[in-house]
$ cat my_file-v5.csv   # CSV, N, CA and C atoms
chain,number,residue,atom,x,y,z
A,216,MET,N,120.8,82.2,97.3
A,216,MET,CA,120.0,81.0,97.6
A,216,MET,C,118.5,81.4,97.7
A,217,GLY,N,118.2,82.4,98.4
A,217,GLY,CA,116.8,82.8,98.7
A,217,GLY,C,116.1,83.2,97.4
A,218,THR,N,116.7,83.9,96.5
A,218,THR,CA,116.1,84.3,95.2
A,218,THR,C,115.9,83.1,94.4
A,219,TRP,N,116.8,82.2,94.3
A,219,TRP,CA,116.7,81.0,93.5
A,219,TRP,C,115.6,80.1,94.0
A,220,THR,N,115.5,79.9,95.3
A,220,THR,CA,114.4,79.0,95.8
A,220,THR,C,113.0,79.7,95.7
A,221,LEU,N,113.0,81.0,95.8
A,221,LEU,CA,111.7,81.8,95.7
A,221,LEU,C,111.3,81.7,94.2
A,222,THR,N,112.2,81.8,93.3
A,222,THR,CA,111.8,81.6,91.9
A,222,THR,C,111.2,80.2,91.6
A,223,LEU,N,111.8,79.2,92.2
A,223,LEU,CA,111.3,77.8,92.0
A,223,LEU,C,109.9,77.7,92.6
A,224,ILE,N,109.7,78.3,93.8
A,224,ILE,CA,108.4,78.3,94.4
A,224,ILE,C,107.3,78.9,93.5
A,225,VAL,N,107.7,80.1,92.9
A,225,VAL,CA,106.7,80.8,92.0
A,225,VAL,C,106.4,79.9,90.8
A,226,LEU,N,107.5,79.3,90.2
A,226,LEU,CA,107.2,78.4,89.1
A,226,LEU,C,106.4,77.2,89.5
A,227,ALA,N,106.6,76.7,90.7
A,227,ALA,CA,105.8,75.6,91.2
A,227,ALA,C,104.3,76.0,91.3
A,228,LEU,N,104.1,77.2,91.9
A,228,LEU,CA,102.7,77.6,92.0
A,228,LEU,C,102.0,77.8,90.7
A,229,ILE,N,102.7,78.3,89.7
A,229,ILE,CA,102.2,78.4,88.4
A,229,ILE,C,101.8,77.0,87.8
A,230,GLY,N,102.7,76.1,88.0
A,230,GLY,CA,102.4,74.7,87.6
A,230,GLY,C,101.2,74.1,88.3
A,231,ILE,N,101.1,74.4,89.6
A,231,ILE,CA,99.9,73.9,90.3
A,231,ILE,C,98.6,74.6,89.8
A,232,ALA,N,98.7,75.9,89.6
A,232,ALA,CA,97.5,76.6,89.1
A,232,ALA,C,97.0,76.1,87.7
A,233,VAL,N,98.0,75.8,86.8
A,233,VAL,CA,97.6,75.3,85.5
A,233,VAL,C,97.0,73.9,85.6
A,234,GLY,N,97.6,73.1,86.4
A,234,GLY,CA,97.1,71.7,86.6
A,234,GLY,C,95.7,71.8,87.2
A,235,ASP,N,95.5,72.7,88.2
A,235,ASP,CA,94.1,72.9,88.8
A,235,ASP,C,93.1,73.3,87.7
A,236,GLU,N,93.5,74.3,86.9
A,236,GLU,CA,92.6,74.8,85.9
A,236,GLU,C,92.2,73.7,84.9
A,237,LEU,N,93.2,72.9,84.5
A,237,LEU,CA,92.9,71.8,83.6
A,237,LEU,C,91.9,70.8,84.2
A,238,ALA,N,92.1,70.5,85.5
A,238,ALA,CA,91.2,69.5,86.2
A,238,ALA,C,89.8,70.1,86.3
A,239,ILE,N,89.8,71.4,86.6
A,239,ILE,CA,88.4,72.0,86.8
A,239,ILE,C,87.7,72.1,85.4
A,240,ALA,N,88.4,72.4,84.3
A,240,ALA,CA,87.8,72.5,83.0
A,240,ALA,C,87.4,71.2,82.4
A,241,HIS,N,88.2,70.1,82.8
A,241,HIS,CA,87.9,68.8,82.2
A,241,HIS,C,88.0,67.7,83.3
A,242,PRO,N,87.2,67.7,84.3
A,242,PRO,CA,87.4,66.8,85.4
A,242,PRO,C,87.3,65.3,85.1
A,243,GLY,N,86.5,65.0,84.1
A,243,GLY,CA,86.3,63.6,83.7
A,243,GLY,C,87.2,63.1,82.7
A,244,ASP,N,88.1,63.9,82.1
A,244,ASP,CA,89.0,63.5,81.1
A,244,ASP,C,90.1,62.7,81.7
A,245,ASP,N,90.6,61.8,80.9
A,245,ASP,CA,91.8,61.0,81.3
A,245,ASP,C,93.0,61.9,81.6
A,246,ALA,N,93.8,61.5,82.6
A,246,ALA,CA,95.0,62.3,82.8
A,246,ALA,C,96.0,62.0,81.7
A,247,THR,N,96.6,63.1,81.2
A,247,THR,CA,97.6,63.0,80.2
A,247,THR,C,99.0,63.1,80.9
A,248,LEU,N,100.0,62.9,80.1
A,248,LEU,CA,101.4,63.0,80.7
A,248,LEU,C,101.6,64.5,81.1
A,249,GLY,N,101.2,65.4,80.2
A,249,GLY,CA,101.4,66.8,80.6
A,249,GLY,C,100.7,67.2,81.8
A,250,PHE,N,99.4,66.8,81.9
A,250,PHE,CA,98.7,67.1,83.1
A,250,PHE,C,99.3,66.5,84.4
A,251,THR,N,99.8,65.2,84.3
A,251,THR,CA,100.4,64.6,85.4
A,251,THR,C,101.7,65.3,85.8
A,252,ILE,N,102.4,65.8,84.9
A,252,ILE,CA,103.6,66.6,85.2
A,252,ILE,C,103.3,67.8,85.9
A,253,LEU,N,102.2,68.5,85.5
A,253,LEU,CA,101.8,69.8,86.2
A,253,LEU,C,101.2,69.5,87.5
A,254,ALA,N,100.3,68.5,87.6
A,254,ALA,CA,99.6,68.2,88.8
A,254,ALA,C,100.5,67.7,89.9
A,255,PHE,N,101.5,66.9,89.6
A,255,PHE,CA,102.4,66.3,90.6
A,255,PHE,C,103.8,67.0,90.6
A,256,GLY,N,104.2,67.5,89.4
A,256,GLY,CA,105.5,68.1,89.4
A,256,GLY,C,105.5,69.5,90.0
A,257,GLY,N,104.4,70.2,89.9
A,257,GLY,CA,104.2,71.5,90.6
A,257,GLY,C,104.4,71.4,92.1
A,258,PRO,N,103.6,70.6,92.7
A,258,PRO,CA,103.7,70.4,94.2
A,258,PRO,C,105.1,69.8,94.6
A,259,ALA,N,105.6,68.9,93.7
A,259,ALA,CA,107.0,68.4,94.0
A,259,ALA,C,108.0,69.4,94.0
A,260,LEU,N,108.0,70.3,93.0
A,260,LEU,CA,108.9,71.4,92.9
A,260,LEU,C,108.8,72.4,94.1
A,261,PHE,N,107.5,72.6,94.5
A,261,PHE,CA,107.3,73.4,95.7
A,261,PHE,C,108.0,72.9,96.9
A,262,LEU,N,107.7,71.6,97.1
A,262,LEU,CA,108.3,70.9,98.3
A,262,LEU,C,109.9,70.8,98.2
A,263,LEU,N,110.4,70.6,97.0
A,263,LEU,CA,111.8,70.5,96.8
A,263,LEU,C,112.5,71.8,97.0
A,264,ALA,N,111.9,72.9,96.6
A,264,ALA,CA,112.4,74.3,96.9
A,264,ALA,C,112.4,74.5,98.4
A,265,GLN,N,111.4,74.1,99.1
A,265,GLN,CA,111.4,74.3,100.5
A,265,GLN,C,112.5,73.4,101.2
A,266,VAL,N,112.7,72.2,100.7
A,266,VAL,CA,113.8,71.3,101.2
A,266,VAL,C,115.1,72.0,101.1
A,267,VAL,N,115.4,72.6,99.9
A,267,VAL,CA,116.7,73.3,99.7
A,267,VAL,C,116.8,74.5,100.6
A,268,PHE,N,115.7,75.3,100.6
A,268,PHE,CA,115.8,76.5,101.4
A,268,PHE,C,115.9,76.2,102.9
A,269,LEU,N,115.1,75.3,103.4
A,269,LEU,CA,115.2,75.0,104.8
A,269,LEU,C,116.5,74.3,105.2
A,270,GLY,N,117.0,73.5,104.3
A,270,GLY,CA,118.2,72.8,104.6
A,270,GLY,C,119.4,73.8,104.7
A,271,GLU,N,119.4,74.8,103.8
A,271,GLU,CA,120.4,75.8,103.8
A,271,GLU,C,120.3,76.8,105.0
A,272,THR,N,119.1,77.2,105.3
A,272,THR,CA,118.9,78.2,106.3
A,272,THR,C,118.8,77.7,107.8
A,273,LEU,N,118.1,76.5,107.9
A,273,LEU,CA,118.0,76.0,109.3
A,273,LEU,C,118.9,74.8,109.5
A,274,GLY,N,119.5,74.3,108.5
A,274,GLY,CA,120.4,73.1,108.7
A,274,GLY,C,119.7,71.8,108.9
A,275,ARG,N,118.4,71.8,108.7
A,275,ARG,CA,117.6,70.6,108.8
A,275,ARG,C,116.4,70.7,107.9
A,276,VAL,N,115.8,69.6,107.5
A,276,VAL,CA,114.7,69.5,106.7
A,276,VAL,C,113.6,68.8,107.4
A,277,PRO,N,112.4,69.4,107.5
A,277,PRO,CA,111.3,68.7,108.1
A,277,PRO,C,111.0,67.4,107.3
A,278,ARG,N,110.8,66.3,108.1
A,278,ARG,CA,110.5,65.0,107.5
A,278,ARG,C,109.3,65.0,106.6
A,279,SER,N,108.3,65.9,106.9
A,279,SER,CA,107.1,66.0,106.2
A,279,SER,C,107.3,66.3,104.7
A,280,ARG,N,108.3,67.2,104.4
A,280,ARG,CA,108.6,67.5,103.0
A,280,ARG,C,109.1,66.3,102.3
A,281,LEU,N,110.0,65.5,102.9
A,281,LEU,CA,110.5,64.3,102.2
A,281,LEU,C,109.4,63.3,102.0
A,282,GLU,N,108.6,63.1,103.0
A,282,GLU,CA,107.5,62.2,102.9
A,282,GLU,C,106.5,62.7,101.8
A,283,GLY,N,106.3,64.0,101.7
A,283,GLY,CA,105.4,64.5,100.7
A,283,GLY,C,105.9,64.3,99.3
A,284,LEU,N,107.2,64.4,99.1
A,284,LEU,CA,107.8,64.1,97.8
A,284,LEU,C,107.6,62.7,97.5
A,285,ALA,N,107.8,61.8,98.4
A,285,ALA,CA,107.7,60.4,98.2
A,285,ALA,C,106.2,60.0,97.8
A,286,ALA,N,105.3,60.6,98.6
A,286,ALA,CA,103.9,60.4,98.3
A,286,ALA,C,103.4,60.9,96.9
A,287,LEU,N,104.0,62.1,96.5
A,287,LEU,CA,103.6,62.6,95.2
A,287,LEU,C,104.1,61.7,94.1
A,288,THR,N,105.3,61.1,94.3
A,288,THR,CA,105.9,60.2,93.3
A,288,THR,C,105.0,59.0,93.1
A,289,VAL,N,104.6,58.4,94.3
A,289,VAL,CA,103.7,57.2,94.2
A,289,VAL,C,102.4,57.5,93.7
A,290,LEU,N,101.8,58.6,94.1
A,290,LEU,CA,100.4,58.9,93.7
A,290,LEU,C,100.4,59.3,92.2
A,291,ALA,N,101.5,59.9,91.7
A,291,ALA,CA,101.5,60.2,90.2
A,291,ALA,C,101.4,58.9,89.4
A,292,LEU,N,102.1,57.9,89.9
A,292,LEU,CA,102.0,56.6,89.1
A,292,LEU,C,100.6,55.9,89.3
A,293,VAL,N,100.1,56.0,90.5
A,293,VAL,CA,98.9,55.3,90.8
A,293,VAL,C,97.7,56.0,90.1
A,294,THR,N,97.7,57.3,90.1
A,294,THR,CA,96.5,58.0,89.5
A,294,THR,C,96.7,58.3,88.0
A,295,ALA,N,97.8,57.9,87.4
A,295,ALA,CA,98.0,58.1,85.9
A,295,ALA,C,96.8,57.5,85.1
A,296,PRO,N,96.3,56.4,85.4
A,296,PRO,CA,95.2,55.9,84.5
A,296,PRO,C,93.8,56.4,84.9
A,297,LEU,N,93.8,57.3,85.9
A,297,LEU,CA,92.5,57.8,86.3
A,297,LEU,C,92.2,59.1,85.7
A,298,THR,N,91.1,59.8,86.2
A,298,THR,CA,90.7,61.1,85.6
A,298,THR,C,91.6,62.2,86.2
A,299,MET,N,91.4,63.4,85.5
A,299,MET,CA,92.2,64.5,86.0
A,299,MET,C,91.8,64.9,87.4
A,300,ILE,N,90.5,64.9,87.7
A,300,ILE,CA,90.0,65.3,89.0
A,300,ILE,C,90.6,64.4,90.1
A,301,ALA,N,90.8,63.1,89.8
A,301,ALA,CA,91.4,62.2,90.8
A,301,ALA,C,92.8,62.6,91.0
A,302,GLY,N,93.5,62.9,90.0
A,302,GLY,CA,94.9,63.3,90.1
A,302,GLY,C,95.1,64.6,90.9
A,303,ILE,N,94.3,65.6,90.6
A,303,ILE,CA,94.5,66.9,91.3
A,303,ILE,C,94.0,66.7,92.8
A,304,ALA,N,93.0,65.9,93.0
A,304,ALA,CA,92.6,65.6,94.4
A,304,ALA,C,93.8,65.0,95.2
A,305,ALA,N,94.4,64.0,94.6
A,305,ALA,CA,95.5,63.3,95.2
A,305,ALA,C,96.7,64.2,95.5
A,306,SER,N,97.1,65.0,94.5
A,306,SER,CA,98.2,65.9,94.8
A,306,SER,C,97.9,67.0,95.8
A,307,SER,N,96.7,67.5,95.8
A,307,SER,CA,96.2,68.5,96.8
A,307,SER,C,96.2,67.9,98.2
A,308,ALA,N,95.8,66.6,98.3
A,308,ALA,CA,95.8,66.0,99.6
A,308,ALA,C,97.1,65.9,100.2
A,309,VAL,N,98.1,65.7,99.3
A,309,VAL,CA,99.5,65.6,99.8
A,309,VAL,C,99.9,66.9,100.4
A,310,LEU,N,99.7,68.0,99.7
A,310,LEU,CA,100.0,69.3,100.3
A,310,LEU,C,99.3,69.6,101.6
A,311,VAL,N,98.0,69.3,101.6
A,311,VAL,CA,97.3,69.4,102.9
A,311,VAL,C,97.9,68.6,104.0
A,312,ALA,N,98.2,67.4,103.7
A,312,ALA,CA,98.8,66.5,104.7
A,312,ALA,C,100.2,67.1,105.2
A,313,VAL,N,101.0,67.7,104.3
A,313,VAL,CA,102.2,68.3,104.8
A,313,VAL,C,101.9,69.5,105.7
A,314,ALA,N,101.0,70.3,105.3
A,314,ALA,CA,100.6,71.4,106.2
A,314,ALA,C,100.1,71.0,107.5
A,315,VAL,N,99.2,70.0,107.5
A,315,VAL,CA,98.7,69.4,108.8
A,315,VAL,C,99.8,68.9,109.7
A,316,ALA,N,100.8,68.1,109.1
A,316,ALA,CA,101.9,67.6,109.8
A,316,ALA,C,102.7,68.7,110.4
A,317,ASP,N,103.0,69.8,109.7
A,317,ASP,CA,103.7,70.9,110.2
A,317,ASP,C,103.0,71.6,111.4
A,318,THR,N,101.7,71.7,111.2
A,318,THR,CA,100.9,72.3,112.3
A,318,THR,C,100.9,71.5,113.5
A,319,VAL,N,100.7,70.2,113.4
A,319,VAL,CA,100.7,69.3,114.6
A,319,VAL,C,102.1,69.3,115.2
A,320,ARG,N,103.1,69.3,114.4
A,320,ARG,CA,104.5,69.3,115.0
A,320,ARG,C,104.8,70.6,115.7
A,321,GLU,N,104.3,71.7,115.1
A,321,GLU,CA,104.5,73.0,115.8
A,321,GLU,C,103.8,73.1,117.1
A,322,GLY,N,102.5,72.5,117.1
A,322,GLY,CA,101.7,72.5,118.3
A,322,GLY,C,102.4,71.7,119.4
A,323,ASP,N,103.0,70.5,119.0
A,323,ASP,CA,103.7,69.7,120.0
A,323,ASP,C,104.9,70.3,120.6
A,324,GLN,N,105.6,71.1,119.7
A,324,GLN,CA,106.8,71.8,120.2
A,324,GLN,C,106.4,72.9,121.1
A,325,ALA,N,105.3,73.6,120.8
A,325,ALA,CA,104.9,74.7,121.7
A,325,ALA,C,104.4,74.2,123.0
A,326,SER,N,103.7,73.1,123.1
A,326,SER,CA,103.3,72.5,124.3
A,326,SER,C,104.4,72.0,125.2
A,327,SER,N,105.4,71.4,124.5
A,327,SER,CA,106.6,70.9,125.3
A,327,SER,C,107.4,72.1,125.8
A,328,ARG,N,107.5,73.2,125.2
A,328,ARG,CA,108.2,74.4,125.6
A,328,ARG,C,107.5,75.0,126.8
A,329,SER,N,106.2,74.9,126.9
A,329,SER,CA,105.5,75.6,128.0
A,329,SER,C,105.5,74.7,129.3
A,330,ARG,N,106.0,73.5,129.2
A,330,ARG,CA,106.0,72.7,130.4
A,330,ARG,C,107.2,73.0,131.2
$ encode --input "my_file-v5.csv" --output "structure tokens"
Amino acid sequence: MGTWTLTLIVLALIGIAVGDELAIAHPGDDATLGFTILAFGGPALFLLAQVVFLGETLGRVPRSRLEGLAALTVLALVTAPLTMIAGIAASSAVLVAVAVADTVREGDQASSRSR
């Protein structure tokens, strides 16, 4: 299970990097289907691999991962008619929001343990 999910995470990171590169090289260009698949599919694959791994190892999945997947789906549709830079900004914002949610949740758990 670990090797399989790690492989998915590496593939996701490659997709994210290619999407970022396209957006940096052509920020004002209209988003294409291929770009949208990379820009939103890469982060979605990353979160999905984490869902599978955490579900198998911990027996639970942080809600932030599922919410992130939902947000990526909605934003992929909403930003499709916009420029590449808008799409990459939206998908990056979702990953940042998931990281912030995890950090806040971890801080809340640490403070409740110390009481």
$ residues_around --input "my_file-v5.csv" --residues "Met299 (chain A)" --least-positions-apart "3" --cutoff "6 Å" --atoms "all atoms listed in the file" --output "ChimeraX atom specification"
/A:238,241-246,302-304
$ atom_distance --input "my_file-v5.csv" --atom1 "CA of Ile239 (chain A)" --atom2 "CA of Leu297 (chain A)"
14.8 Å
$ select_by_dssp --input "my_file-v5.csv" --residues "chain A" --states "helix (DSSP H, G or I)" --output "number ranges by chain"
A: 217-240, 248-273, 278-294, 299-328
$ residues_around --input "my_file-v5.csv" --residues "region 250-265 of chain A" --least-positions-apart "3" --cutoff "8 Å" --atoms "all atoms listed in the file" --output "MDAnalysis selection string"
chainID A and resid 219:221 223:235 237:238 245:247 268:271 276:277 279:281 283:285 287:288 290:291 294:295 299 302:303 305:307 310
$ atom_distance --input "my_file-v5.csv" --atom1 "CA of Ala316 (chain A)" --atom2 "CA of Glu236 (chain A)"
26.6 Å
